[in-house]
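Peer 1: Please see the structure below; I have some questions.
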Amino acid sequence: MNKPLRRIAIFCGLLVLALLVRDNWLQYAQADKLRTDEHNRRVAIERYASPRGDIIVDGEAITGSKETSGSDYKFKRTYKDGPMWAPVTGYASQAFGATQLESIEDGILTGNDDRLFFRNTLDMLTGKKKQGGNVVTTLNAAAQKAAYEGLKKQGGKGAVVALEPSTGKILALASFPSYDPSSFAGNSTTTDTEAWQKLQKKNNPDDPMLNRALREVYPPGSTFKVLTAAAALENGLYTDPEAPTKTPLPWTMPGTTTELKNEGNIPCKNASLREALRWSCNTVFGKIGSDLGNDKMLEMAKKFGFTEEQFTPVRASASVFSEDMAPSEVALSSIGQFNTAATPLQMAMVASAVANDGVLMKPYMVDELQARDVEPIEKTDPEEYSRPLSADNAQKLQSMMETVVESGTGKNAQIPNVTVGGKTGTAQHGENNSKNPYAWFISYAKTSDDASPVAVAVVIEDEDAVRDDISGGGLAAPIAKSVMEAVIKSKQ
């Protein structure tokens, strides 16, 4: 072979070799990436080629699938009581993807999860059609309905979270206003796209797609005083709930000439922890925070879950308690103002830890993953998150919170023959408190066997309400009461 032909042969051989290397790279090394790429339409077609598995509450499906026509997507998602359950399920849309449980557990719901490989192989051999598995939640249908209907009746914006203190199970997770995921589950430009556009914040200032229970952080106001009381007890600043505190009236915040005011003419001078919580004394709890200092208050806040995102498995925003604050800023933060901000989930965690004798359990909403034949694939075990308080101090704080409901600002949460502990909160909103404040209530219920089946946090933001009518006890406590009653009744 002459030299030019040999060069051409070698060059062609290298081209063939490069082609083989590239082909094998695509078929093996890149196969999974290409197969699951969001721009690969075959992925979406496969996702909707068969009915999705269901999301289950109290043994009943709150989702379904409906066969469609005129599209290469064969099935689309349906929802029962979609607006009520949207903060739990999220949505699965042929046009706009999926969120929350629909997204996180997509592999189980579509049947594509690797843990279903053996079952899918058997189905293929036996000729059965592929079908997704189920996601069994921890939610309590009666509690969720009470929460959502309470918010809807109130008419403003808001959220409710209810937890089972002994396990961390999420029993209710409601947000209002809400949306119906069924309205844009397909891919029609005339119906689904229009419905989607109407729900976007730029077109709808109420932002109904915002999950206020998990993603919105609010100043917690006086509900944060429960955490401040816990810090006082745990750090030995005060050990007896009945003993007078060293709190003058008026009290000027350190480093300033500004007096910290109380709401109304209430008995806060040297008030005991019990009386200070009962009447919600800003001076007592502001001074406690200032006396303890930023580091100790931040340490306690972190033990309750502040400064970290929570995964339920749906992500919840991190609640805020700042560091490097001046003493006056620590004082304001310790009564739930300044930079302090919390999700409703976070404040439910605070009430839950107190109710559970100082043990905070990690919150979760997926109890079990199932194959389509309801055979369990994965079970969630309760997990301890932290121990913010000793059992002794938690029980002292329980007694103080129970006084709030028995004879303080939380009377609207009283339930016959049930011990209820709670704390109201009215948090400032807007520059110089120019907007209507947020109304908060956190609580727990104890039954006759001294068990605590539920802890609740409620927040209401109502710009249309008369300002003087806004209070945690007036707006939020009745909703918490109805949720606690629903849980107790469902367990009887």
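How things are named: the first chain in the structure tokens is A, the next is B, and so on; residues count from 1 in each chain; ligands count from 1 in the order shown.
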List every residue of segment 177-417 of chain A that DSSP, applied to the backbone of this structure, places in strand (DSSP E or B), and write the result as a PyMOL selection string.
Peer 2: chain A and resi 218+244+252+259+272+310-311+315-316+320+341-342+360-361+364+366-370+376-379+384-386+415
Peer 1: List the neighbours of segment 448-452 of chain A out to 8 Å using only C-alpha atoms; skip same-chain residues closer than 3 positions along the sequence, and give me the result as a PyMOL selection string.
Peer 2: chain A and resi 164-166+355-356+417-418+444-445+455
Peer 1: Identify which of the residues A:Ala342, A:Val374, A:Leu14, A:Ala348 lies closest to Ser443 of chain A, counting only C-alpha atoms when measuring atom-to-atom distances.
Peer 2: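 Using only C-alpha atoms, the shortest distance to Ser443 of chain A belongs to A:Ala348.
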Peer 1: Could you tell me which of A:Ser65, A:Ser280, A:Thr307, A:Gln131 comes closest to Asp113 of chain A if we count only C-alpha atoms?
Peer 2: A:Gln131
Peer 1: Would you mind listing what lies within 12 Å of Ile460 of chain A as an MDAnalysis selection string, with only C-alpha atoms counted and same-chain residues fewer than 4 positions away left out?
Peer 2: chainID A and resid 147 150:160 174:177 212:213 218:220 344 424:427 429 436:442 464:465 470:480
Peer 1: Between atom CA of Ser352 of chain A and atom CA of Pro83 of chain A, measure the distance and give it in Å to one decimal.
Peer 2: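 Computing the Euclidean distance for atom CA of Ser352 of chain A and atom CA of Pro83 of chain A yields 26.3 Å.
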Peer 1: Tell me, as a PyMOL selection string, which residues lie within 12 Å of Ala143 of chain A, counting only C-alpha atoms; anything in the same chain fewer than 2 positions away does not count.
Peer 2: chain A and resi 57-58+84-85+138-141+145-150+160-164+170-174+453-456+479-491
Peer 1: Next, write the just-selected residues to a file, as a tab-separated table (two decimals), in the first residue's frame, keeping N, CA and C atoms as the atom set.
Peer 2:
```
chain	number	residue	atom	x	y	z
A	57	VAL	N	-54.89	9.37	52.53
A	57	VAL	CA	-55.15	9.95	53.84
A	57	VAL	C	-56.23	9.12	54.54
A	58	ASP	N	-55.94	8.65	55.72
A	58	ASP	CA	-56.91	7.84	56.49
A	58	ASP	C	-57.46	6.67	55.66
A	84	MET	N	-58.11	22.05	49.48
A	84	MET	CA	-57.85	21.70	50.87
A	84	MET	C	-56.53	20.94	51.02
A	85	TRP	N	-56.24	20.08	50.04
A	85	TRP	CA	-55.08	19.21	50.14
A	85	TRP	C	-53.86	19.70	49.39
A	138	THR	N	-49.41	10.84	56.88
A	138	THR	CA	-49.73	10.85	58.32
A	138	THR	C	-50.94	11.74	58.61
A	139	LEU	N	-51.48	12.38	57.58
A	139	LEU	CA	-52.52	13.39	57.77
A	139	LEU	C	-53.81	12.81	58.34
A	140	ASN	N	-54.51	13.64	59.09
A	140	ASN	CA	-55.80	13.30	59.67
A	140	ASN	C	-56.86	14.11	58.92
A	141	ALA	N	-57.75	13.42	58.22
A	141	ALA	CA	-58.71	14.11	57.34
A	141	ALA	C	-59.60	15.08	58.10
A	145	LYS	N	-59.69	19.14	57.52
A	145	LYS	CA	-60.93	19.82	57.15
A	145	LYS	C	-61.23	20.96	58.13
A	146	ALA	N	-61.04	20.69	59.42
A	146	ALA	CA	-61.28	21.73	60.43
A	146	ALA	C	-60.34	22.91	60.21
A	147	ALA	N	-59.09	22.62	59.89
A	147	ALA	CA	-58.11	23.68	59.66
A	147	ALA	C	-58.47	24.51	58.43
A	148	TYR	N	-58.74	23.82	57.32
A	148	TYR	CA	-59.01	24.55	56.08
A	148	TYR	C	-60.32	25.33	56.17
A	149	GLU	N	-61.36	24.70	56.71
A	149	GLU	CA	-62.64	25.39	56.82
A	149	GLU	C	-62.55	26.58	57.77
A	150	GLY	N	-61.75	26.43	58.83
A	150	GLY	CA	-61.56	27.54	59.76
A	150	GLY	C	-60.88	28.73	59.09
A	160	VAL	N	-52.33	26.73	59.01
A	160	VAL	CA	-52.46	25.90	60.21
A	160	VAL	C	-51.55	24.68	60.06
A	161	VAL	N	-50.84	24.34	61.12
A	161	VAL	CA	-50.07	23.09	61.18
A	161	VAL	C	-50.42	22.40	62.48
A	162	ALA	N	-50.72	21.11	62.40
A	162	ALA	CA	-50.97	20.30	63.60
A	162	ALA	C	-50.03	19.11	63.59
A	163	LEU	N	-49.42	18.84	64.75
A	163	LEU	CA	-48.47	17.74	64.90
A	163	LEU	C	-48.92	16.79	66.00
A	164	GLU	N	-48.50	15.55	65.88
A	164	GLU	CA	-48.63	14.60	66.98
A	164	GLU	C	-47.32	14.66	67.77
A	170	ILE	N	-47.30	14.82	61.03
A	170	ILE	CA	-48.08	16.00	60.67
A	170	ILE	C	-49.52	15.55	60.46
A	171	LEU	N	-50.43	16.13	61.24
A	171	LEU	CA	-51.84	15.74	61.21
A	171	LEU	C	-52.66	16.69	60.36
A	172	ALA	N	-52.23	17.93	60.24
A	172	ALA	CA	-52.92	18.91	59.40
A	172	ALA	C	-51.88	19.89	58.86
A	173	LEU	N	-52.07	20.30	57.61
A	173	LEU	CA	-51.17	21.25	56.97
A	173	LEU	C	-52.01	22.04	55.97
A	174	ALA	N	-52.56	23.15	56.43
A	174	ALA	CA	-53.52	23.90	55.62
A	174	ALA	C	-52.99	25.30	55.35
A	453	PRO	N	-52.34	14.30	72.25
A	453	PRO	CA	-52.44	13.80	70.87
A	453	PRO	C	-52.18	14.83	69.80
A	454	VAL	N	-52.14	16.11	70.16
A	454	VAL	CA	-52.02	17.12	69.10
A	454	VAL	C	-51.46	18.44	69.64
A	455	ALA	N	-50.61	19.06	68.82
A	455	ALA	CA	-50.13	20.42	69.05
A	455	ALA	C	-50.39	21.20	67.77
A	456	VAL	N	-50.79	22.46	67.91
A	456	VAL	CA	-51.26	23.23	66.76
A	456	VAL	C	-50.64	24.63	66.74
A	479	ILE	N	-59.82	28.51	65.71
A	479	ILE	CA	-59.43	27.54	64.67
A	479	ILE	C	-58.60	26.42	65.30
A	480	ALA	N	-57.66	26.79	66.16
A	480	ALA	CA	-56.85	25.77	66.85
A	480	ALA	C	-57.74	24.84	67.67
A	481	LYS	N	-58.73	25.42	68.33
A	481	LYS	CA	-59.66	24.61	69.12
A	481	LYS	C	-60.37	23.57	68.24
A	482	SER	N	-60.87	23.99	67.09
A	482	SER	CA	-61.61	23.07	66.23
A	482	SER	C	-60.70	21.95	65.70
A	483	VAL	N	-59.43	22.27	65.43
A	483	VAL	CA	-58.49	21.25	64.97
A	483	VAL	C	-58.20	20.25	66.08
A	484	MET	N	-57.97	20.76	67.29
A	484	MET	CA	-57.69	19.86	68.41
A	484	MET	C	-58.91	18.97	68.69
A	485	GLU	N	-60.08	19.53	68.63
A	485	GLU	CA	-61.31	18.74	68.85
A	485	GLU	C	-61.43	17.64	67.80
A	486	ALA	N	-61.12	17.97	66.56
A	486	ALA	CA	-61.22	16.98	65.48
A	486	ALA	C	-60.27	15.82	65.70
A	487	VAL	N	-59.04	16.11	66.13
A	487	VAL	CA	-58.07	15.04	66.38
A	487	VAL	C	-58.52	14.17	67.54
A	488	ILE	N	-58.95	14.80	68.63
A	488	ILE	CA	-59.38	14.05	69.81
A	488	ILE	C	-60.56	13.15	69.48
A	489	LYS	N	-61.54	13.68	68.75
A	489	LYS	CA	-62.72	12.90	68.38
A	489	LYS	C	-62.34	11.73	67.48
A	490	SER	N	-61.40	11.92	66.58
A	490	SER	CA	-61.01	10.84	65.66
A	490	SER	C	-60.28	9.71	66.36
A	491	LYS	N	-59.74	9.99	67.54
A	491	LYS	CA	-59.00	8.96	68.28
A	491	LYS	C	-59.86	8.26	69.32
```
Peer 1: What's around segment 45-50 of chain A at 6 Å? Count only C-alpha atoms, leave out sequence neighbours fewer than 4 positions away in its own chain, and write the answer as a PDB file with C-alpha atoms, in the first residue's frame.
Peer 2:
```pdb
ATOM      1  CA  TYR A  73     -50.278  11.953  27.337  1.00  0.00           C
ATOM      2  CA  LYS A  74     -52.773   9.214  28.104  1.00  0.00           C
ATOM      3  CA  PHE A  75     -53.641   9.993  31.747  1.00  0.00           C
TER       4      PHE A  75
END
```
Peer 1: Using DSSP assignments from the backbone, pull out every residue in segment 55-141 of chain A that falls under alpha helix (DSSP H) and give it to me as a list of chain:residue names.
Peer 2: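 Written out, the alpha helix (DSSP H) residues of segment 55-141 of chain A are A:Gly82, A:Pro83, A:Met84, A:Trp85, A:Ala86, A:Pro87, A:Val88, A:Thr89, A:Gln100, A:Leu101, A:Glu102, A:Ser103, A:Ile104, A:Asp106, A:Gly107, A:Ile108, A:Leu109, A:Thr110, A:Phe117, A:Phe118, A:Arg119, A:Asn120, A:Thr121, A:Leu122, A:Asp123, A:Met124, A:Leu125, A:Thr126, A:Ala141.
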Peer 1: Could those residues be written to a file, using N, CA, C and O atoms, as an mmCIF file, in the first residue's frame?
Peer 2:
```
data_model
loop_
_atom_site.group_PDB
_atom_site.id
_atom_site.type_symbol
_atom_site.label_atom_id
_atom_site.label_comp_id
_atom_site.auth_asym_id
_atom_site.auth_seq_id
_atom_site.Cartn_x
_atom_site.Cartn_y
_atom_site.Cartn_z
ATOM 1 N N GLY A 82 -59.263 19.387 46.069
ATOM 2 C CA GLY A 82 -57.933 19.865 45.703
ATOM 3 C C GLY A 82 -57.426 21.046 46.501
ATOM 4 O O GLY A 82 -56.295 21.000 47.009
ATOM 5 N N PRO A 83 -58.207 22.120 46.665
ATOM 6 C CA PRO A 83 -57.691 23.270 47.424
ATOM 7 C C PRO A 83 -57.349 22.940 48.875
ATOM 8 O O PRO A 83 -56.392 23.492 49.427
ATOM 9 N N MET A 84 -58.108 22.051 49.478
ATOM 10 C CA MET A 84 -57.849 21.702 50.871
ATOM 11 C C MET A 84 -56.530 20.945 51.018
ATOM 12 O O MET A 84 -55.775 21.144 51.971
ATOM 13 N N TRP A 85 -56.243 20.075 50.038
ATOM 14 C CA TRP A 85 -55.083 19.206 50.145
ATOM 15 C C TRP A 85 -53.858 19.697 49.390
ATOM 16 O O TRP A 85 -52.774 19.106 49.493
ATOM 17 N N ALA A 86 -53.987 20.770 48.611
ATOM 18 C CA ALA A 86 -52.866 21.230 47.778
ATOM 19 C C ALA A 86 -51.576 21.476 48.564
ATOM 20 O O ALA A 86 -50.480 21.171 48.068
ATOM 21 N N PRO A 87 -51.614 22.035 49.810
ATOM 22 C CA PRO A 87 -50.360 22.229 50.545
ATOM 23 C C PRO A 87 -49.658 20.915 50.889
ATOM 24 O O PRO A 87 -48.474 20.920 51.225
ATOM 25 N N VAL A 88 -50.386 19.813 50.836
ATOM 26 C CA VAL A 88 -49.812 18.493 51.113
ATOM 27 C C VAL A 88 -49.352 17.829 49.819
ATOM 28 O O VAL A 88 -48.206 17.391 49.697
ATOM 29 N N THR A 89 -50.245 17.752 48.834
ATOM 30 C CA THR A 89 -49.955 17.004 47.615
ATOM 31 C C THR A 89 -49.034 17.762 46.668
ATOM 32 O O THR A 89 -48.207 17.163 45.983
ATOM 33 N N GLN A 100 -43.882 19.289 45.469
ATOM 34 C CA GLN A 100 -44.158 18.702 46.782
ATOM 35 C C GLN A 100 -44.232 17.180 46.720
ATOM 36 O O GLN A 100 -43.375 16.547 46.085
ATOM 37 N N LEU A 101 -45.181 16.530 47.356
ATOM 38 C CA LEU A 101 -45.186 15.067 47.364
ATOM 39 C C LEU A 101 -45.282 14.502 45.956
ATOM 40 O O LEU A 101 -44.697 13.453 45.659
ATOM 41 N N GLU A 102 -46.017 15.166 45.086
ATOM 42 C CA GLU A 102 -46.143 14.681 43.707
ATOM 43 C C GLU A 102 -44.783 14.635 43.019
ATOM 44 O O GLU A 102 -44.536 13.773 42.171
ATOM 45 N N SER A 103 -43.904 15.551 43.377
ATOM 46 C CA SER A 103 -42.571 15.580 42.786
ATOM 47 C C SER A 103 -41.591 14.694 43.547
ATOM 48 O O SER A 103 -40.878 13.881 42.958
ATOM 49 N N ILE A 104 -41.563 14.832 44.865
ATOM 50 C CA ILE A 104 -40.600 14.094 45.685
ATOM 51 C C ILE A 104 -40.780 12.590 45.550
ATOM 52 O O ILE A 104 -39.809 11.834 45.461
ATOM 53 N N ASP A 106 -42.309 11.062 43.007
ATOM 54 C CA ASP A 106 -42.725 10.793 41.624
ATOM 55 C C ASP A 106 -42.357 9.374 41.191
ATOM 56 O O ASP A 106 -43.120 8.715 40.482
ATOM 57 N N GLY A 107 -41.194 8.899 41.586
ATOM 58 C CA GLY A 107 -40.775 7.554 41.197
ATOM 59 C C GLY A 107 -41.730 6.478 41.678
ATOM 60 O O GLY A 107 -42.059 5.539 40.941
ATOM 61 N N ILE A 108 -42.179 6.600 42.917
ATOM 62 C CA ILE A 108 -43.149 5.639 43.459
ATOM 63 C C ILE A 108 -44.482 5.789 42.743
ATOM 64 O O ILE A 108 -45.106 4.798 42.322
ATOM 65 N N LEU A 109 -44.954 7.008 42.583
ATOM 66 C CA LEU A 109 -46.278 7.257 42.020
ATOM 67 C C LEU A 109 -46.364 6.854 40.545
ATOM 68 O O LEU A 109 -47.432 6.439 40.071
ATOM 69 N N THR A 110 -45.258 6.977 39.813
ATOM 70 C CA THR A 110 -45.259 6.566 38.410
ATOM 71 C C THR A 110 -44.894 5.108 38.220
ATOM 72 O O THR A 110 -45.090 4.547 37.144
ATOM 73 N N PHE A 117 -38.565 -2.348 40.636
ATOM 74 C CA PHE A 117 -38.062 -3.028 39.430
ATOM 75 C C PHE A 117 -38.540 -4.472 39.358
ATOM 76 O O PHE A 117 -39.014 -4.936 38.317
ATOM 77 N N PHE A 118 -38.418 -5.219 40.450
ATOM 78 C CA PHE A 118 -38.793 -6.636 40.437
ATOM 79 C C PHE A 118 -40.285 -6.796 40.147
ATOM 80 O O PHE A 118 -40.683 -7.640 39.331
ATOM 81 N N ARG A 119 -41.118 -5.960 40.780
ATOM 82 C CA ARG A 119 -42.558 -6.044 40.538
ATOM 83 C C ARG A 119 -42.894 -5.664 39.102
ATOM 84 O O ARG A 119 -43.759 -6.277 38.471
ATOM 85 N N ASN A 120 -42.209 -4.649 38.573
ATOM 86 C CA ASN A 120 -42.462 -4.242 37.197
ATOM 87 C C ASN A 120 -42.059 -5.329 36.220
ATOM 88 O O ASN A 120 -42.716 -5.543 35.191
ATOM 89 N N THR A 121 -40.966 -6.025 36.531
ATOM 90 C CA THR A 121 -40.524 -7.130 35.665
ATOM 91 C C THR A 121 -41.550 -8.257 35.649
ATOM 92 O O THR A 121 -41.878 -8.807 34.593
ATOM 93 N N LEU A 122 -42.066 -8.587 36.831
ATOM 94 C CA LEU A 122 -43.105 -9.616 36.905
ATOM 95 C C LEU A 122 -44.352 -9.205 36.134
ATOM 96 O O LEU A 122 -44.961 -10.014 35.426
ATOM 97 N N ASP A 123 -44.739 -7.951 36.269
ATOM 98 C CA ASP A 123 -45.915 -7.457 35.547
ATOM 99 C C ASP A 123 -45.716 -7.563 34.038
ATOM 100 O O ASP A 123 -46.627 -7.923 33.296
ATOM 101 N N MET A 124 -44.493 -7.250 33.594
ATOM 102 C CA MET A 124 -44.213 -7.323 32.165
ATOM 103 C C MET A 124 -44.314 -8.759 31.668
ATOM 104 O O MET A 124 -44.865 -9.031 30.600
ATOM 105 N N LEU A 125 -43.818 -9.696 32.489
ATOM 106 C CA LEU A 125 -43.864 -11.109 32.090
ATOM 107 C C LEU A 125 -45.281 -11.662 32.109
ATOM 108 O O LEU A 125 -45.627 -12.545 31.319
ATOM 109 N N THR A 126 -46.099 -11.153 33.024
ATOM 110 C CA THR A 126 -47.471 -11.668 33.141
ATOM 111 C C THR A 126 -48.470 -10.856 32.337
ATOM 112 O O THR A 126 -49.667 -11.153 32.345
ATOM 113 N N ALA A 141 -57.753 13.425 58.219
ATOM 114 C CA ALA A 141 -58.708 14.105 57.336
ATOM 115 C C ALA A 141 -59.605 15.078 58.102
ATOM 116 O O ALA A 141 -59.881 16.188 57.623
#
```
Peer 1: Could you check the closest approach to Leu260 of chain A for each of A:Arg278, A:Lys287, A:Lys3, A:Arg215 and tell me which residue wins, using only C-alpha atoms?
Peer 2: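 Residue with the minimum atom-to-atom distance to Leu260 of chain A: A:Lys287.
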Peer 1: Could you pull the residues within 6 Å of segment 388-400 of chain A, counting only C-alpha atoms, minus those fewer than 5 positions along the same chain, as a list in words?
Peer 2: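 Residues meeting the cut-off are Arg274, Lys303, Val354, Asp357 and Gly358 of chain A.
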Peer 1: So, counting only C-alpha atoms, which residue among A:Glu384, A:Asp81, A:Asp373, A:Asp180 is closest to Pro208 of chain A?
Peer 2: A:Asp180
Peer 1: Please compute the atom CA of Lys302 of chain A-atom CA of Gly421 of chain A distance, one decimal, in Å.
Peer 2: 22.7 Å
Peer 1: Counting only C-alpha atoms, figure out which residue out of A:Ala316, A:Val21, A:Ala232, A:Cys281 gets nearest to Gly293 of chain A.
Peer 2: A:Ala232
Peer 1: Which residues come within 10 Å of segment 323-332 of chain A, counting only C-alpha atoms, excluding same-chain residues fewer than 3 positions away, as a tab-separated table (two decimals) with N, CA, C and O atoms, in the first residue's frame?
Peer 2:
```tsv
chain	number	residue	atom	x	y	z
A	221	GLY	N	-44.46	37.13	67.07
A	221	GLY	CA	-45.07	37.89	68.15
A	221	GLY	C	-44.95	37.17	69.48
A	221	GLY	O	-43.96	36.48	69.76
A	252	THR	N	-36.53	50.25	80.49
A	252	THR	CA	-35.86	50.84	79.34
A	252	THR	C	-34.86	49.84	78.77
A	252	THR	O	-34.04	49.27	79.51
A	253	MET	N	-34.94	49.61	77.49
A	253	MET	CA	-34.06	48.63	76.85
A	253	MET	C	-32.61	49.09	76.93
A	253	MET	O	-32.32	50.28	76.73
A	254	PRO	N	-31.67	48.16	77.22
A	254	PRO	CA	-30.25	48.51	77.39
A	254	PRO	C	-29.67	49.22	76.17
A	254	PRO	O	-29.99	48.86	75.02
A	255	GLY	N	-28.86	50.24	76.43
A	255	GLY	CA	-28.21	50.95	75.35
A	255	GLY	C	-29.10	51.93	74.63
A	255	GLY	O	-28.73	52.49	73.60
A	256	THR	N	-30.34	52.12	75.15
A	256	THR	CA	-31.29	53.03	74.51
A	256	THR	C	-31.97	53.88	75.58
A	256	THR	O	-31.79	53.67	76.78
A	258	THR	N	-35.29	54.05	75.11
A	258	THR	CA	-36.63	53.62	74.69
A	258	THR	C	-37.22	52.63	75.69
A	258	THR	O	-36.58	51.61	76.00
A	260	LEU	N	-39.73	49.69	76.67
A	260	LEU	CA	-40.47	48.61	76.03
A	260	LEU	C	-41.87	48.63	76.61
A	260	LEU	O	-42.06	48.50	77.83
A	282	ASN	N	-44.58	42.10	77.71
A	282	ASN	CA	-43.40	42.35	76.88
A	282	ASN	C	-42.18	42.66	77.73
A	282	ASN	O	-41.07	42.22	77.42
A	283	THR	N	-42.38	43.43	78.78
A	283	THR	CA	-41.24	43.86	79.60
A	283	THR	C	-40.53	42.67	80.24
A	283	THR	O	-39.30	42.61	80.25
A	284	VAL	N	-41.30	41.72	80.76
A	284	VAL	CA	-40.70	40.56	81.43
A	284	VAL	C	-39.88	39.74	80.45
A	284	VAL	O	-38.70	39.41	80.70
A	285	PHE	N	-40.45	39.41	79.31
A	285	PHE	CA	-39.76	38.51	78.38
A	285	PHE	C	-38.69	39.24	77.58
A	285	PHE	O	-37.68	38.64	77.20
A	286	GLY	N	-38.89	40.54	77.33
A	286	GLY	CA	-37.83	41.32	76.70
A	286	GLY	C	-36.60	41.39	77.59
A	286	GLY	O	-35.47	41.22	77.13
A	287	LYS	N	-36.82	41.62	78.89
A	287	LYS	CA	-35.70	41.69	79.83
A	287	LYS	C	-35.04	40.32	79.99
A	287	LYS	O	-33.82	40.23	80.12
A	288	ILE	N	-35.83	39.24	79.99
A	288	ILE	CA	-35.25	37.89	80.06
A	288	ILE	C	-34.28	37.67	78.90
A	288	ILE	O	-33.15	37.21	79.08
A	289	GLY	N	-34.73	38.01	77.69
A	289	GLY	CA	-33.87	37.83	76.53
A	289	GLY	C	-32.60	38.66	76.62
A	289	GLY	O	-31.50	38.18	76.33
A	290	SER	N	-32.75	39.91	77.08
A	290	SER	CA	-31.59	40.79	77.22
A	290	SER	C	-30.65	40.28	78.30
A	290	SER	O	-29.42	40.31	78.14
A	291	ASP	N	-31.20	39.81	79.41
A	291	ASP	CA	-30.37	39.28	80.51
A	291	ASP	C	-29.61	38.02	80.09
A	291	ASP	O	-28.45	37.82	80.44
A	292	LEU	N	-30.28	37.12	79.36
A	292	LEU	CA	-29.63	35.89	78.92
A	292	LEU	C	-28.58	36.17	77.85
A	292	LEU	O	-27.54	35.51	77.78
A	293	GLY	N	-28.87	37.13	76.99
A	293	GLY	CA	-27.93	37.47	75.92
A	293	GLY	C	-28.21	36.73	74.63
A	293	GLY	O	-28.92	35.71	74.60
A	294	ASN	N	-27.62	37.23	73.58
A	294	ASN	CA	-27.86	36.72	72.23
A	294	ASN	C	-27.49	35.24	72.09
A	294	ASN	O	-28.24	34.43	71.53
A	295	ASP	N	-26.32	34.87	72.63
A	295	ASP	CA	-25.83	33.50	72.42
A	295	ASP	C	-26.76	32.46	73.03
A	295	ASP	O	-27.07	31.44	72.39
A	297	MET	N	-29.97	32.81	73.85
A	297	MET	CA	-31.27	32.82	73.18
A	297	MET	C	-31.18	32.13	71.82
A	297	MET	O	-32.07	31.36	71.43
A	298	LEU	N	-30.10	32.38	71.10
A	298	LEU	CA	-29.91	31.72	69.80
A	298	LEU	C	-29.75	30.22	69.97
A	298	LEU	O	-30.30	29.43	69.18
A	299	GLU	N	-29.01	29.81	70.99
A	299	GLU	CA	-28.83	28.38	71.25
A	299	GLU	C	-30.18	27.70	71.50
A	299	GLU	O	-30.45	26.61	70.97
A	320	VAL	N	-36.09	32.26	61.58
A	320	VAL	CA	-34.98	33.19	61.79
A	320	VAL	C	-34.88	33.65	63.24
A	320	VAL	O	-35.87	34.10	63.83
A	335	ILE	N	-39.36	38.78	72.19
A	335	ILE	CA	-40.83	38.85	72.23
A	335	ILE	C	-41.41	38.66	70.82
A	335	ILE	O	-42.54	39.04	70.54
A	336	GLY	N	-40.57	38.09	69.93
A	336	GLY	CA	-41.06	37.72	68.61
A	336	GLY	C	-41.11	38.84	67.61
A	336	GLY	O	-41.86	38.75	66.62
A	337	GLN	N	-40.32	39.90	67.82
A	337	GLN	CA	-40.30	41.01	66.88
A	337	GLN	C	-38.88	41.19	66.34
A	337	GLN	O	-38.13	40.23	66.28
A	338	PHE	N	-38.52	42.38	65.92
A	338	PHE	CA	-37.25	42.69	65.28
A	338	PHE	C	-37.06	41.76	64.08
A	338	PHE	O	-37.90	41.74	63.20
A	339	ASN	N	-35.96	40.97	64.03
A	339	ASN	CA	-35.74	40.09	62.87
A	339	ASN	C	-36.34	38.69	63.06
A	339	ASN	O	-36.30	37.88	62.13
A	340	THR	N	-36.85	38.39	64.22
A	340	THR	CA	-37.36	37.05	64.47
A	340	THR	C	-38.53	36.74	63.54
A	340	THR	O	-39.45	37.54	63.40
```
Peer 1: Rounded to one decimal in Å, what is the spacing between atom CA of Leu345 of chain A and atom CA of Arg387 of chain A?
Peer 2: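 Distance reported for this atom pair: 17.4 Å.
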